[in-house]
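Have a look at run31.cif below; it lists mmCIF, C-alpha atoms.
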```
data_work
#
loop_
_atom_site.label_atom_id
_atom_site.label_comp_id
_atom_site.auth_asym_id
_atom_site.auth_seq_id
_atom_site.Cartn_x
_atom_site.Cartn_y
_atom_site.Cartn_z
CA MET P 962 47.01 2.60 -23.65
CA ILE P 963 44.02 1.92 -25.89
CA ARG P 964 41.61 1.82 -22.96
CA SER P 965 42.38 5.50 -22.23
CA LEU P 966 41.29 6.64 -25.72
CA PRO P 967 37.94 8.38 -26.20
CA HIS P 968 35.29 5.88 -27.28
CA SER P 969 34.89 7.39 -30.77
CA LEU P 970 38.63 7.35 -31.39
CA PHE P 971 38.90 3.78 -30.11
CA LEU P 972 36.24 2.65 -32.59
CA LEU P 973 38.03 4.47 -35.40
CA CYS P 974 41.30 2.72 -34.56
CA MET P 975 39.55 -0.65 -34.45
CA ALA P 976 37.94 -0.03 -37.84
CA ALA P 977 41.26 1.02 -39.35
CA GLY P 978 42.91 -2.11 -37.97
CA ALA P 979 40.24 -4.29 -39.56
CA ALA P 980 40.56 -2.48 -42.89
CA PHE P 981 44.31 -2.99 -43.07
CA ALA P 982 44.45 -6.54 -41.69
CA HIS P 983 46.47 -9.02 -43.73
CA ASP P 984 44.77 -12.11 -45.12
CA THR P 985 46.34 -15.58 -45.15
CA TRP P 986 45.43 -18.39 -47.55
CA ILE P 987 46.65 -21.60 -49.18
CA ALA P 988 47.01 -22.38 -52.88
CA ALA P 989 48.66 -24.82 -55.30
CA SER P 990 50.80 -24.43 -58.42
CA GLY P 991 48.39 -26.38 -60.61
CA ALA P 992 45.95 -29.26 -60.93
CA LEU P 993 46.64 -32.54 -59.15
CA ALA P 994 47.64 -35.72 -60.98
CA THR P 995 48.60 -39.05 -59.45
CA GLY P 996 52.35 -39.29 -58.86
CA LYS P 997 53.12 -35.77 -60.09
CA PRO P 998 54.45 -33.24 -57.56
CA VAL P 999 52.86 -29.82 -57.14
CA THR P 1000 53.97 -26.89 -55.03
CA ILE P 1001 51.72 -25.79 -52.20
CA PHE P 1002 51.85 -22.11 -51.19
CA VAL P 1003 50.86 -20.38 -47.97
CA ARG P 1004 50.45 -16.68 -48.79
CA HIS P 1005 49.84 -13.57 -46.72
CA GLY P 1006 49.02 -10.01 -47.70
CA HIS P 1007 46.49 -7.37 -48.66
CA HIS P 1008 46.16 -8.16 -52.37
CA PHE P 1009 44.97 -11.72 -53.04
CA PRO P 1010 46.33 -13.70 -54.84
CA ALA P 1011 49.78 -12.03 -54.46
CA SER P 1012 51.78 -12.70 -51.30
CA GLU P 1013 53.48 -9.78 -49.55
CA GLU P 1014 55.27 -11.61 -46.75
CA ALA P 1015 55.85 -15.08 -45.38
CA VAL P 1016 54.19 -16.26 -42.18
CA ASN P 1017 56.13 -18.19 -39.52
CA ALA P 1018 56.60 -21.63 -41.11
CA ALA P 1019 57.58 -23.18 -37.76
CA GLN P 1020 54.05 -22.51 -36.45
CA LEU P 1021 52.29 -24.25 -39.35
CA ASP P 1022 50.56 -27.62 -39.21
CA LEU P 1023 50.17 -28.05 -42.98
CA PHE P 1024 48.57 -31.02 -44.73
CA ALA P 1025 46.79 -32.34 -47.81
CA GLN P 1026 43.72 -34.55 -47.43
CA SER P 1027 42.30 -36.87 -50.08
CA ALA P 1028 38.60 -37.41 -50.71
CA SER P 1029 38.86 -40.65 -48.68
CA GLY P 1030 40.06 -38.64 -45.66
CA LYS P 1031 43.71 -39.71 -45.77
CA ARG P 1032 46.01 -36.91 -44.60
CA THR P 1033 49.55 -36.25 -45.76
CA ALA P 1034 51.62 -33.94 -43.54
CA LEU P 1035 53.63 -31.39 -45.53
CA GLN P 1036 56.97 -29.78 -44.64
CA ALA P 1037 56.65 -25.99 -44.75
CA LEU P 1038 59.63 -23.81 -45.71
CA VAL P 1039 59.94 -20.06 -46.18
CA GLN P 1040 60.85 -19.06 -49.73
CA GLY P 1041 60.96 -15.32 -50.29
CA ARG P 1042 57.60 -13.75 -49.52
CA GLU P 1043 55.70 -17.01 -49.10
CA VAL P 1044 55.82 -20.42 -47.49
CA VAL P 1045 56.08 -23.44 -49.78
CA ALA P 1046 55.75 -27.21 -49.54
CA GLU P 1047 55.82 -30.04 -52.06
CA PHE P 1048 52.98 -32.55 -52.40
CA THR P 1049 52.75 -35.62 -54.63
CA PRO P 1050 49.22 -37.10 -54.72
CA ALA P 1051 49.13 -40.87 -54.28
CA ALA P 1052 45.67 -41.04 -55.82
CA ALA P 1053 43.54 -39.08 -58.27
CA GLY P 1054 40.48 -37.11 -57.25
CA ALA P 1055 39.59 -34.07 -55.22
CA HIS P 1056 41.86 -32.97 -52.38
CA THR P 1057 41.69 -30.48 -49.55
CA LEU P 1058 44.73 -28.42 -48.61
CA ALA P 1059 44.72 -26.97 -45.11
CA PHE P 1060 46.81 -25.52 -42.33
CA THR P 1061 46.56 -24.39 -38.74
CA GLN P 1062 48.86 -21.68 -37.44
CA ASP P 1063 48.69 -21.33 -33.67
CA ARG P 1064 50.32 -17.98 -32.98
CA GLY P 1065 50.20 -18.48 -29.24
CA VAL P 1066 49.09 -16.23 -26.40
CA THR P 1067 50.10 -12.61 -25.89
CA SER P 1068 49.23 -10.02 -23.24
CA ARG P 1069 48.99 -6.26 -23.33
CA THR P 1070 50.81 -4.90 -20.28
CA PRO P 1071 51.83 -1.44 -19.04
CA LYS P 1072 55.29 -2.27 -20.49
CA GLY P 1073 54.02 -3.31 -23.92
CA VAL P 1074 52.91 -6.57 -25.52
CA LYS P 1075 54.43 -9.66 -23.88
CA GLN P 1076 54.36 -13.35 -24.71
CA GLY P 1077 52.18 -15.52 -22.48
CA GLY P 1078 48.88 -15.13 -20.68
CA ARG P 1079 47.84 -13.68 -17.36
CA ASP P 1080 49.68 -16.46 -15.52
CA LYS P 1081 52.98 -15.02 -16.80
CA ASN P 1082 51.80 -11.40 -16.92
CA PRO P 1083 49.64 -10.79 -13.83
CA GLY P 1084 49.42 -7.05 -14.55
CA ALA P 1085 48.04 -7.53 -18.08
CA THR P 1086 45.13 -5.35 -19.17
CA GLN P 1087 44.23 -7.75 -21.98
CA SER P 1088 45.32 -11.27 -22.96
CA SER P 1089 44.44 -13.34 -26.04
CA ARG P 1090 45.33 -16.37 -28.13
CA THR P 1091 45.49 -16.01 -31.93
CA LEU P 1092 44.73 -18.89 -34.28
CA ARG P 1093 44.85 -18.86 -38.08
CA THR P 1094 43.46 -21.58 -40.31
CA ALA P 1095 43.00 -21.91 -44.06
CA VAL P 1096 41.50 -24.39 -46.51
CA ALA P 1097 41.66 -24.73 -50.30
CA TYR P 1098 39.86 -27.19 -52.56
CA LEU P 1099 41.62 -28.86 -55.49
CA GLY P 1100 39.92 -30.90 -58.18
CA ALA P 1101 36.33 -30.16 -57.13
CA ALA P 1102 34.30 -28.39 -54.47
CA VAL P 1103 34.93 -30.79 -51.60
CA SER P 1104 32.20 -29.62 -49.15
CA LYS P 1105 33.50 -31.86 -46.31
CA PRO P 1106 35.06 -30.17 -43.26
CA ALA P 1107 38.80 -30.70 -42.86
CA GLY P 1108 38.42 -31.04 -39.09
CA LEU P 1109 40.13 -27.77 -38.13
CA GLU P 1110 39.34 -25.91 -34.91
CA VAL P 1111 37.66 -23.26 -37.05
CA GLU P 1112 37.05 -23.35 -40.81
CA ILE P 1113 34.86 -22.25 -43.70
CA VAL P 1114 33.25 -24.99 -45.81
CA GLY P 1115 31.91 -24.18 -49.27
CA THR P 1116 29.62 -25.71 -51.91
CA LEU P 1117 29.10 -24.41 -55.46
CA SER P 1118 25.61 -24.73 -56.95
CA GLY P 1119 23.81 -22.77 -59.66
CA GLY P 1120 26.70 -20.33 -60.03
CA ALA P 1121 26.63 -19.34 -56.34
CA TRP P 1122 28.65 -20.43 -53.33
CA THR P 1123 27.03 -21.50 -50.08
CA VAL P 1124 29.60 -21.25 -47.32
CA GLN P 1125 29.36 -22.37 -43.71
CA LEU P 1126 31.50 -21.25 -40.78
CA LEU P 1127 32.31 -23.97 -38.23
CA ARG P 1128 34.07 -24.07 -34.90
CA GLY P 1129 34.76 -27.54 -33.62
CA GLY P 1130 32.41 -28.84 -36.29
CA LYS P 1131 29.49 -26.72 -35.03
CA PRO P 1132 28.01 -23.76 -36.96
CA LEU P 1133 28.75 -20.20 -35.88
CA ALA P 1134 25.96 -17.67 -36.42
CA GLY P 1135 26.16 -13.91 -36.83
CA ILE P 1136 29.77 -13.75 -38.10
CA ALA P 1137 30.64 -11.52 -41.07
CA ILE P 1138 32.34 -13.24 -44.02
CA GLU P 1139 34.28 -11.27 -46.61
CA ALA P 1140 34.51 -12.33 -50.27
CA PHE P 1141 37.70 -11.35 -52.09
CA PRO P 1142 37.81 -12.11 -55.85
CA ALA P 1143 41.30 -12.57 -57.28
CA GLY P 1144 42.69 -9.32 -58.64
CA ALA P 1145 40.12 -7.09 -56.92
CA GLU P 1146 41.32 -3.94 -55.18
CA ALA P 1147 39.58 -5.05 -51.99
CA GLY P 1148 37.16 -7.61 -50.67
CA LYS P 1149 33.60 -6.87 -49.62
CA ILE P 1150 31.39 -8.24 -46.89
CA ALA P 1151 29.27 -11.04 -48.35
CA GLY P 1152 26.98 -11.01 -45.33
CA LYS P 1153 26.67 -12.54 -41.87
CA THR P 1154 26.17 -16.23 -41.23
CA ASP P 1155 22.64 -17.38 -40.39
CA ALA P 1156 21.54 -19.66 -37.54
CA ASN P 1157 23.14 -22.61 -39.39
CA GLY P 1158 26.43 -20.75 -39.86
CA LYS P 1159 25.69 -20.31 -43.58
CA LEU P 1160 25.43 -17.60 -46.20
CA ARG P 1161 25.08 -17.62 -49.99
CA TYR P 1162 27.30 -15.57 -52.27
CA THR P 1163 27.02 -15.06 -56.03
CA PRO P 1164 30.23 -13.85 -57.73
CA GLU P 1165 29.89 -10.82 -59.97
CA ALA P 1166 29.47 -11.46 -63.69
CA GLY P 1167 32.84 -11.64 -65.45
CA ALA P 1168 34.84 -12.09 -62.23
CA ARG P 1169 37.74 -14.54 -62.30
CA LYS P 1170 36.78 -17.94 -60.95
CA ASP P 1171 39.30 -17.62 -58.14
CA LEU P 1172 37.88 -16.45 -54.83
CA LEU P 1173 38.82 -16.10 -51.18
CA PHE P 1174 36.33 -16.20 -48.31
CA ILE P 1175 37.61 -14.73 -45.04
CA ALA P 1176 36.27 -14.54 -41.49
CA GLU P 1177 38.00 -12.76 -38.60
CA PHE P 1178 36.33 -12.70 -35.19
CA LYS P 1179 36.86 -13.04 -31.45
CA GLN P 1180 35.27 -15.41 -28.95
CA PRO P 1181 35.62 -15.77 -25.18
CA ALA P 1182 38.38 -18.10 -24.04
CA PRO P 1183 37.42 -21.45 -22.49
CA GLN P 1184 36.72 -21.26 -18.78
CA GLY P 1185 39.88 -21.48 -16.69
CA SER P 1186 42.18 -20.18 -19.46
CA ALA P 1187 45.01 -17.79 -18.66
CA TYR P 1188 43.76 -15.48 -21.42
CA ASP P 1189 40.51 -13.63 -22.12
CA THR P 1190 39.69 -14.18 -25.79
CA VAL P 1191 40.59 -16.23 -28.87
CA ASN P 1192 41.24 -14.26 -32.07
CA PHE P 1193 40.25 -16.41 -35.04
CA GLU P 1194 41.34 -15.79 -38.65
CA THR P 1195 40.16 -18.33 -41.21
CA SER P 1196 39.93 -18.49 -45.01
CA LEU P 1197 38.60 -20.71 -47.79
CA HIS P 1198 40.24 -20.47 -51.23
CA VAL P 1199 38.17 -21.83 -54.13
CA SER P 1200 38.72 -21.89 -57.89
CA TRP P 1201 36.43 -23.52 -60.44
#
```

Whole structure, structure tokens version:
Amino acid sequence: MIRSLPHSLFLLCMAAGAAFAHDTWIAASGALATGKPVTIFVRHGHHFPASEEAVNAAQLDLFAQSASGKRTALQALVQGREVVAEFTPAAAGAHTLAFTQDRGVTSRTPKGVKQGGRDKNPGATQSSRTLRTAVAYLGAAVSKPAGLEVEIVGTLSGGAWTVQLLRGGKPLAGIAIEAFPAGAEAGKIAGKTDANGKLRYTPEAGARKDLLFIAEFKQPAPQGSAYDTVNFETSLHVSW
């Protein structure tokens, strides 16, 4: 079991896991126009913007939200290496695309990883819930939160992005955010969020105006939960 590894080797394994983690994001086939359908994509992989495999569509709560706040639920279907949905805007203007993927609770036990928390696996050495969320802006930088359990909000000004990490609408400080320009070999840490959950990132000169912000972190589970931690994975996809 991992807990029996030497401390240095354990840290090395954790670092390797972080380095090879897959990213998940949302995108659209083109600009939005009233009454014209576009395809929405949920993609997953190491090499943004290409998708390497499809996530579990049955776990997705996928929607589009207009600037007025009206939400349209979207039907997610697996198509090859990605998940797709169709969306026809009823009105012009900026929209937010978003999803939540609750991957449930799993426990590490002497007999391997099992579904469920400590209530179902009393001998578990570790138990956690994993939640993925993603947001994309279409039509403009919509700097309003989409109301997800955890999300990154972004605003473009003076050629730089100011992003803010929120959980339940409240800022999260001290969390690393990675910036991944489209077509880059790898992302790089843009910095850690300040006391207001914010950081500022300036894209490199000549970079494509297609960028993914990613945060992956753990927090303690709510008191009384049958699991120990919540693993959060969240992304913001912007193009301008």

Once the PyMOL selection byres ((chain P and resi 1127) around 9) is applied to the coordinates I shared, what remains selected? I want it as a ChimeraX atom specification.
/P:1106,1109-1114,1125-1126,1128-1133,1158

Considering only C-alpha atoms, state which residue in the set P:Pro1142, P:Gly1148, P:Trp1122, P:Phe1193 is at the smallest distance from Asp1171 (chain P).
P:Pro1142

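With all atoms listed in the file taken into account, the protein and nucleic acid residues at most 7 Å from region 994-1007 of chain P (excluding it and anything under 4 positions from it in its own chain) are P:His983, P:Asp984, P:Thr985, P:Trp986, P:Ile987, P:Ala988, P:Ala989, P:Ser990, P:Ser1012, P:Glu1013, P:Glu1014, P:Ala1015, P:Val1016, P:Glu1043, P:Val1044, P:Val1045, P:Ala1046, P:Glu1047, P:Phe1048, P:Thr1049, P:Pro1050, P:Ala1051, P:Ala1052, P:Ala1053.
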
Once you count all atoms listed in the file, what closest atom pair and distance in Å to one decimal does each residue of region 992-1023 of chain P within 10 Å of region 1089-1099 of chain P have, with rows by chain and rising residue number, as a tab-separated table?
```
residue	atom	partner	partner_atom	distance
P:Ala992	CA	P:Leu1099	CA	7.0
P:Leu993	CA	P:Leu1099	CA	7.2
P:Val1003	CA	P:Ala1095	CA	8.9
P:Leu1021	CA	P:Arg1093	CA	9.3
P:Asp1022	CA	P:Thr1094	CA	9.4
P:Leu1023	CA	P:Ala1095	CA	9.5
```

Would you save the residues from that selection as a compact mmCIF listing (two decimals), keeping the file's coordinate frame, using C-alpha atoms?
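And here is the file that came out, again_21.txt:
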```txt
# COMPACT_ATOMS: atom_id res chain seq x y z
CA ALA P 992 45.95 -29.26 -60.93
CA LEU P 993 46.64 -32.54 -59.15
CA VAL P 1003 50.86 -20.38 -47.97
CA LEU P 1021 52.29 -24.25 -39.35
CA ASP P 1022 50.56 -27.62 -39.21
CA LEU P 1023 50.17 -28.05 -42.98
```

Picked residues, the PyMOL selection byres ((chain P and resi 1029) around 12), expected as a ChimeraX atom specification:
/P:1025-1028,1030-1033,1051-1057,1103,1105,1107

Counting all atoms listed in the file, what is within 6 Å of region 1153-1156 of chain P, bar same-chain residues fewer than 2 positions away, as a VMD selection string?
chain P and resid 1134 to 1137 1158 to 1160

Could you write out as JSON the box around region 1037-1041 of chain P (axis-aligned, all atoms listed in the file, 5 Å on each side), with centre and edge lengths in Å to one decimal?
```
{"center_x": 58.8, "center_y": -20.7, "center_z": -47.5, "size_x": 14.3, "size_y": 20.7, "size_z": 15.5}
```

Interatomic distance, CA of Gly1073 (chain P) to CA of Gly1185 (chain P) (Å, one decimal)
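Separation of CA of Gly1073 (chain P) and CA of Gly1185 (chain P): 24.1 Å.
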
Do you have the CA of Lys1179 (chain P)-CA of Ser1200 (chain P) distance handy?
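We find that CA of Lys1179 (chain P) and CA of Ser1200 (chain P) lie 27.9 Å from each other.
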
Excluding region 1143-1146 of chain P and its own-chain neighbours fewer than 3 positions away, which residues fall within 12 Å of it when counting all atoms listed in the file? Please give them as a VMD selection string.
chain P and resid 1007 to 1011 1140 1149 1164 to 1165 1167 to 1174 1198 to 1200

In Å, rounded to a single decimal, give me how far CA of Leu1035 (chain P) is from CA of Ile1138 (chain P).
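These two atoms are separated by 28.0 Å.
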
Selection in question (the file shown): the PyMOL selection byres ((chain P and resi 1069-1071) around 10). Which residues does it include, as a list in words?
Met962, Ile963, Thr1067, Ser1068, Lys1072, Gly1073, Val1074, Lys1075, Gln1076, Gly1077, Gly1078, Arg1079, Asn1082, Pro1083, Gly1084, Ala1085, Thr1086, Gln1087, Ser1088 and Ser1089 of chain P

Of the candidates P:Thr1163, P:Thr1061, P:Thr1195, P:Thr1116, which one gets nearest to Ile1175 (chain P) if we count all atoms listed in the file?
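Result for the nearest residue to Ile1175 (chain P): P:Thr1195.
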
Neighbouring residues of Gln1180 (chain P) were defined as those with any atom within 7 Å, considering all atoms listed in the file; residues of the same chain fewer than 6 positions away were excluded. Please report them as an mmCIF file with C-alpha atoms, in the coordinates of the input.
```cif
data_model
loop_
_atom_site.group_PDB
_atom_site.id
_atom_site.type_symbol
_atom_site.label_atom_id
_atom_site.label_comp_id
_atom_site.auth_asym_id
_atom_site.auth_seq_id
_atom_site.Cartn_x
_atom_site.Cartn_y
_atom_site.Cartn_z
ATOM 1 C CA THR P 1190 39.690 -14.180 -25.790
ATOM 2 C CA VAL P 1191 40.590 -16.230 -28.870
ATOM 3 C CA ASN P 1192 41.240 -14.260 -32.070
#
```
